[in-house]
Amino acid sequence: MQSLFDAPFRPRFVIPTNHDVGAMRLRPEPAGEEPCTYLCGNSLGLLPQAAEALVQEEFRVWVCADRSCHVRRAVLGHHDHPHGREWINITDHVNPLLAELLGAREAEVACMGTLTANLHLMMSTFYKPTPERYKLLCEGKAFPSDQFAFASQVQLHGFDPKDAIIEMLPRQGDFFLREEDILEVIEKQGSSIALVIFSGVQYYTGQWFPMQSITKAAKAQGCICGWDLAHAIGNVPLSLHDWDVDWAVWCSYKYLNSGPGGIAGLYVHEKWNQEKPRYAGWWGHDPATRFLMPPIFSPIRGAQGLQMSNPSVLGVASLLGSLRVFKEAGMVERLRVRSIELTAHLEGLLTQSAYFIPPHNAATRIPLCASSMDPAQHRRPAFTIITPSAANSRGSQLSLLFFSSDTELMSQVHEGLRSYGVIGDERHPDVIRLAPAALYNTIQDCKNAARCLEEVLKALDD
């Protein structure tokens, strides 16, 4: 994957056609049957053909409609699998690949559960507030589910979220946080902070936080440091073990392409291995004696001792299919080069738009400042990019913030793009996210998105 023009793994994915996504402007043949411009892998990754094949294999192992089928196993598939993926240990096939993506050791990784459930599990394990050290530091406007978890965990310990949760917001006129501001808060308030928990990549702005420096600063102040990697895993290079990250959680249906609601995972640094899990479950018990049904819990050493129940085999199989593609592609370290190039190319095309406003000039278009604007200018649609421009501060995502006196502008643009077969992700009230995924997006996708955006804005400007 050396060139911006090459996408050798694109044929491994099932890409919806323009007709499939309702591209009304492209209905006539052959345009309607061509692949759409899918730039929404930050929300839901495309289906890898390998994932579909593995899931179908598991269906055939479970039961086969053809009575002559020789791979039917039903319940026996737990211990006797024709493809060597016995269901009782199917996560053994994905944990090493996840560990490679995370920069972790295999025993530090567990493929399990769902994102917010794992977040609660980690916070219940590591958030141990005292009267002096009880605060939680996070980015402002984190994904709502994270915010809900933070508040409920703080309340569970008898604290007021308004006092206990420090939400960092960008400086006036900025769209993302500055590293020095985060580090300053940790240094000044660290003695009262029990837990530092940021998103690896911020879902709304696309900012890739400086994970290593934040983790180092947090640990220097005696804070526990955890990360929500929902938008980071499979997107940017990670070295959780070497960075001394205490714990992390993620989902797998975005850049990891495991499918809607796919199985999630968690990471716990091996230095915590001596800590017995607070919450015991059957699947976290030592496999050597698990099926002897002992009454006393004997946990697996490491993160897998936190497993509660047996994982969804179909979910794990789908994830495995995608991770095998990652492995063949050289994992994120090799894909990252193409990711940087694609994202920069899309950014370059977007900034040439007649409707683009540089971020440093965009403050005058924010509604709070609208009173100082020329009314005619305020009516004209415009957008800026609120994602950092530096490659080391973002992954494969650009967040476009739209300005207009028409509060429906963003939705109109989103629907307009869809009518041309360009699929992005809308975040109300005024952001559209476009994510050129290195595994399957192309330079032509970038060109299509920029060209169609210009056409939609021109039509709305008339």
# chains A, B, ... in the order shown; residues from 1 in each chain; ligands from 1
call {"tool": "select_by_dssp", "arguments": {"residues": "segment 225-299 of chain A", "states": "strand (DSSP E or B)", "output": "PyMOL selection string"}}
result
chain A and resi 225-228+247-250+265-268+285+299
call {"tool": "residues_around", "arguments": {"residues": "Glu106 of chain A", "least_positions_apart": "3", "cutoff": "10 Å", "atoms": "only C-alpha atoms", "output": "count of residues only"}}
result
17
call {"tool": "atom_distance", "arguments": {"atom1": "atom CA of Cys251 of chain A", "atom2": "atom CA of Leu195 of chain A"}}
result
20.9 Å
call {"tool": "residues_around", "arguments": {"residues": "segment 320-328 of chain A", "least_positions_apart": "3", "cutoff": "6 Å", "atoms": "only C-alpha atoms", "output": "list in words"}}
result
Pro48, Ala50, Ala51, Val94, Ala317 and Met331 of chain A
call {"tool": "closest_residue", "arguments": {"among": "A:Glu86, A:Glu179, A:Glu108, A:Glu167", "to": "Ile197 of chain A", "atoms": "only C-alpha atoms"}}
result
A:Glu167
call {"tool": "closest_atom_pairs", "arguments": {"of": "segment 182-254 of chain A", "to": "segment 34-46 of chain A", "cutoff": "10 Å", "atoms": "only C-alpha atoms", "output": "CSV"}}
result
residue,atom,partner,partner_atom,distance
A:Tyr203,CA,A:Asn42,CA,8.4
A:Gly206,CA,A:Asn42,CA,9.5
A:Ala230,CA,A:Asn42,CA,9.1
A:His231,CA,A:Asn42,CA,6.6
A:Ala232,CA,A:Asn42,CA,9.3
A:Asn235,CA,A:Asn42,CA,8.7
A:Ser252,CA,A:Gly45,CA,8.9
A:Tyr253,CA,A:Leu44,CA,5.6
A:Lys254,CA,A:Leu44,CA,4.5
call {"tool": "decode", "arguments": {"residues": "segment 328-370 of chain A", "atoms": "N, CA and C atoms", "output": "PDB file, in the first residue's frame"}}
result
ATOM      1  N   GLU A 328      -3.003  -8.990   6.776  1.00  0.00           N
ATOM      2  CA  GLU A 328      -2.439  -9.113   5.431  1.00  0.00           C
ATOM      3  C   GLU A 328      -1.970  -7.756   4.909  1.00  0.00           C
ATOM      4  N   ALA A 329      -2.669  -6.693   5.315  1.00  0.00           N
ATOM      5  CA  ALA A 329      -2.316  -5.344   4.867  1.00  0.00           C
ATOM      6  C   ALA A 329      -1.146  -4.752   5.638  1.00  0.00           C
ATOM      7  N   GLY A 330      -0.663  -5.438   6.656  1.00  0.00           N
ATOM      8  CA  GLY A 330       0.461  -4.927   7.425  1.00  0.00           C
ATOM      9  C   GLY A 330       0.072  -4.160   8.661  1.00  0.00           C
ATOM     10  N   MET A 331      -1.187  -4.310   9.073  1.00  0.00           N
ATOM     11  CA  MET A 331      -1.705  -3.629  10.261  1.00  0.00           C
ATOM     12  C   MET A 331      -1.626  -2.110  10.094  1.00  0.00           C
ATOM     13  N   VAL A 332      -1.950  -1.387  11.156  1.00  0.00           N
ATOM     14  CA  VAL A 332      -2.098   0.065  11.070  1.00  0.00           C
ATOM     15  C   VAL A 332      -0.782   0.753  10.733  1.00  0.00           C
ATOM     16  N   GLU A 333       0.336   0.167  11.161  1.00  0.00           N
ATOM     17  CA  GLU A 333       1.625   0.811  10.911  1.00  0.00           C
ATOM     18  C   GLU A 333       1.837   1.052   9.414  1.00  0.00           C
ATOM     19  N   ARG A 334       1.453   0.093   8.579  1.00  0.00           N
ATOM     20  CA  ARG A 334       1.603   0.272   7.132  1.00  0.00           C
ATOM     21  C   ARG A 334       0.430   1.051   6.541  1.00  0.00           C
ATOM     22  N   LEU A 335      -0.766   0.796   7.041  1.00  0.00           N
ATOM     23  CA  LEU A 335      -1.936   1.499   6.530  1.00  0.00           C
ATOM     24  C   LEU A 335      -1.891   2.986   6.855  1.00  0.00           C
ATOM     25  N   ARG A 336      -1.206   3.338   7.901  1.00  0.00           N
ATOM     26  CA  ARG A 336      -1.174   4.725   8.368  1.00  0.00           C
ATOM     27  C   ARG A 336      -0.626   5.670   7.295  1.00  0.00           C
ATOM     28  N   VAL A 337       0.341   5.222   6.531  1.00  0.00           N
ATOM     29  CA  VAL A 337       0.910   6.072   5.476  1.00  0.00           C
ATOM     30  C   VAL A 337      -0.175   6.467   4.486  1.00  0.00           C
ATOM     31  N   ARG A 338      -0.948   5.487   4.075  1.00  0.00           N
ATOM     32  CA  ARG A 338      -2.013   5.765   3.116  1.00  0.00           C
ATOM     33  C   ARG A 338      -3.128   6.584   3.750  1.00  0.00           C
ATOM     34  N   SER A 339      -3.412   6.326   5.013  1.00  0.00           N
ATOM     35  CA  SER A 339      -4.427   7.097   5.726  1.00  0.00           C
ATOM     36  C   SER A 339      -4.071   8.581   5.753  1.00  0.00           C
ATOM     37  N   ILE A 340      -2.818   8.876   6.059  1.00  0.00           N
ATOM     38  CA  ILE A 340      -2.370  10.272   6.108  1.00  0.00           C
ATOM     39  C   ILE A 340      -2.509  10.920   4.731  1.00  0.00           C
ATOM     40  N   GLU A 341      -2.108  10.196   3.699  1.00  0.00           N
ATOM     41  CA  GLU A 341      -2.153  10.751   2.350  1.00  0.00           C
ATOM     42  C   GLU A 341      -3.586  10.994   1.879  1.00  0.00           C
ATOM     43  N   LEU A 342      -4.460  10.020   2.106  1.00  0.00           N
ATOM     44  CA  LEU A 342      -5.850  10.170   1.683  1.00  0.00           C
ATOM     45  C   LEU A 342      -6.531  11.321   2.405  1.00  0.00           C
ATOM     46  N   THR A 343      -6.338  11.387   3.707  1.00  0.00           N
ATOM     47  CA  THR A 343      -6.989  12.442   4.494  1.00  0.00           C
ATOM     48  C   THR A 343      -6.477  13.813   4.080  1.00  0.00           C
ATOM     49  N   ALA A 344      -5.174  13.917   3.854  1.00  0.00           N
ATOM     50  CA  ALA A 344      -4.602  15.195   3.416  1.00  0.00           C
ATOM     51  C   ALA A 344      -5.108  15.570   2.023  1.00  0.00           C
ATOM     52  N   HIS A 345      -5.265  14.575   1.169  1.00  0.00           N
ATOM     53  CA  HIS A 345      -5.761  14.865  -0.179  1.00  0.00           C
ATOM     54  C   HIS A 345      -7.199  15.368  -0.127  1.00  0.00           C
ATOM     55  N   LEU A 346      -8.035  14.706   0.663  1.00  0.00           N
ATOM     56  CA  LEU A 346      -9.416  15.159   0.805  1.00  0.00           C
ATOM     57  C   LEU A 346      -9.462  16.563   1.392  1.00  0.00           C
ATOM     58  N   GLU A 347      -8.634  16.806   2.386  1.00  0.00           N
ATOM     59  CA  GLU A 347      -8.578  18.133   2.989  1.00  0.00           C
ATOM     60  C   GLU A 347      -8.187  19.186   1.951  1.00  0.00           C
ATOM     61  N   GLY A 348      -7.186  18.865   1.131  1.00  0.00           N
ATOM     62  CA  GLY A 348      -6.748  19.821   0.114  1.00  0.00           C
ATOM     63  C   GLY A 348      -7.850  20.152  -0.875  1.00  0.00           C
ATOM     64  N   LEU A 349      -8.624  19.163  -1.272  1.00  0.00           N
ATOM     65  CA  LEU A 349      -9.730  19.400  -2.200  1.00  0.00           C
ATOM     66  C   LEU A 349     -10.825  20.244  -1.551  1.00  0.00           C
ATOM     67  N   LEU A 350     -11.136  19.948  -0.300  1.00  0.00           N
ATOM     68  CA  LEU A 350     -12.199  20.680   0.390  1.00  0.00           C
ATOM     69  C   LEU A 350     -11.825  22.138   0.619  1.00  0.00           C
ATOM     70  N   THR A 351     -10.577  22.392   0.915  1.00  0.00           N
ATOM     71  CA  THR A 351     -10.166  23.773   1.185  1.00  0.00           C
ATOM     72  C   THR A 351     -10.157  24.633  -0.074  1.00  0.00           C
ATOM     73  N   GLN A 352     -10.271  24.016  -1.253  1.00  0.00           N
ATOM     74  CA  GLN A 352     -10.366  24.770  -2.490  1.00  0.00           C
ATOM     75  C   GLN A 352     -11.796  25.199  -2.809  1.00  0.00           C
ATOM     76  N   SER A 353     -12.734  24.761  -1.997  1.00  0.00           N
ATOM     77  CA  SER A 353     -14.133  25.091  -2.236  1.00  0.00           C
ATOM     78  C   SER A 353     -14.381  26.594  -2.101  1.00  0.00           C
ATOM     79  N   ALA A 354     -15.285  27.093  -2.915  1.00  0.00           N
ATOM     80  CA  ALA A 354     -15.673  28.505  -2.817  1.00  0.00           C
ATOM     81  C   ALA A 354     -16.417  28.792  -1.523  1.00  0.00           C
ATOM     82  N   TYR A 355     -16.822  27.744  -0.833  1.00  0.00           N
ATOM     83  CA  TYR A 355     -17.608  27.914   0.394  1.00  0.00           C
ATOM     84  C   TYR A 355     -16.802  27.609   1.654  1.00  0.00           C
ATOM     85  N   PHE A 356     -15.525  27.339   1.470  1.00  0.00           N
ATOM     86  CA  PHE A 356     -14.678  27.010   2.619  1.00  0.00           C
ATOM     87  C   PHE A 356     -14.183  28.265   3.309  1.00  0.00           C
ATOM     88  N   ILE A 357     -14.211  28.243   4.636  1.00  0.00           N
ATOM     89  CA  ILE A 357     -13.662  29.319   5.457  1.00  0.00           C
ATOM     90  C   ILE A 357     -12.538  28.723   6.311  1.00  0.00           C
ATOM     91  N   PRO A 358     -11.341  29.249   6.267  1.00  0.00           N
ATOM     92  CA  PRO A 358     -10.264  28.719   7.112  1.00  0.00           C
ATOM     93  C   PRO A 358     -10.674  28.722   8.586  1.00  0.00           C
ATOM     94  N   PRO A 359     -10.265  27.737   9.339  1.00  0.00           N
ATOM     95  CA  PRO A 359     -10.675  27.652  10.747  1.00  0.00           C
ATOM     96  C   PRO A 359     -10.375  28.916  11.547  1.00  0.00           C
ATOM     97  N   HIS A 360      -9.239  29.553  11.260  1.00  0.00           N
ATOM     98  CA  HIS A 360      -8.886  30.743  12.043  1.00  0.00           C
ATOM     99  C   HIS A 360      -9.781  31.933  11.727  1.00  0.00           C
ATOM    100  N   ASN A 361     -10.524  31.856  10.617  1.00  0.00           N
ATOM    101  CA  ASN A 361     -11.466  32.922  10.278  1.00  0.00           C
ATOM    102  C   ASN A 361     -12.909  32.547  10.583  1.00  0.00           C
ATOM    103  N   ALA A 362     -13.104  31.343  11.081  1.00  0.00           N
ATOM    104  CA  ALA A 362     -14.467  30.829  11.211  1.00  0.00           C
ATOM    105  C   ALA A 362     -15.200  31.340  12.445  1.00  0.00           C
ATOM    106  N   ALA A 363     -14.480  31.917  13.404  1.00  0.00           N
ATOM    107  CA  ALA A 363     -15.145  32.369  14.625  1.00  0.00           C
ATOM    108  C   ALA A 363     -16.242  33.374  14.348  1.00  0.00           C
ATOM    109  N   THR A 364     -16.059  34.175  13.295  1.00  0.00           N
ATOM    110  CA  THR A 364     -17.076  35.183  12.985  1.00  0.00           C
ATOM    111  C   THR A 364     -18.339  34.565  12.421  1.00  0.00           C
ATOM    112  N   ARG A 365     -18.278  33.286  12.079  1.00  0.00           N
ATOM    113  CA  ARG A 365     -19.461  32.618  11.548  1.00  0.00           C
ATOM    114  C   ARG A 365     -20.187  31.804  12.612  1.00  0.00           C
ATOM    115  N   ILE A 366     -19.599  31.698  13.793  1.00  0.00           N
ATOM    116  CA  ILE A 366     -20.254  30.988  14.883  1.00  0.00           C
ATOM    117  C   ILE A 366     -21.457  31.808  15.325  1.00  0.00           C
ATOM    118  N   PRO A 367     -22.607  31.184  15.575  1.00  0.00           N
ATOM    119  CA  PRO A 367     -23.817  31.927  15.914  1.00  0.00           C
ATOM    120  C   PRO A 367     -23.640  32.946  17.028  1.00  0.00           C
ATOM    121  N   LEU A 368     -22.771  32.654  17.987  1.00  0.00           N
ATOM    122  CA  LEU A 368     -22.578  33.592  19.089  1.00  0.00           C
ATOM    123  C   LEU A 368     -22.060  34.935  18.589  1.00  0.00           C
ATOM    124  N   CYS A 369     -21.401  34.879  17.442  1.00  0.00           N
ATOM    125  CA  CYS A 369     -20.812  36.113  16.911  1.00  0.00           C
ATOM    126  C   CYS A 369     -21.604  36.660  15.732  1.00  0.00           C
ATOM    127  N   ALA A 370     -22.743  36.079  15.457  1.00  0.00           N
ATOM    128  CA  ALA A 370     -23.473  36.409  14.240  1.00  0.00           C
ATOM    129  C   ALA A 370     -23.904  37.866  14.193  1.00  0.00           C
TER     130      ALA A 370
END
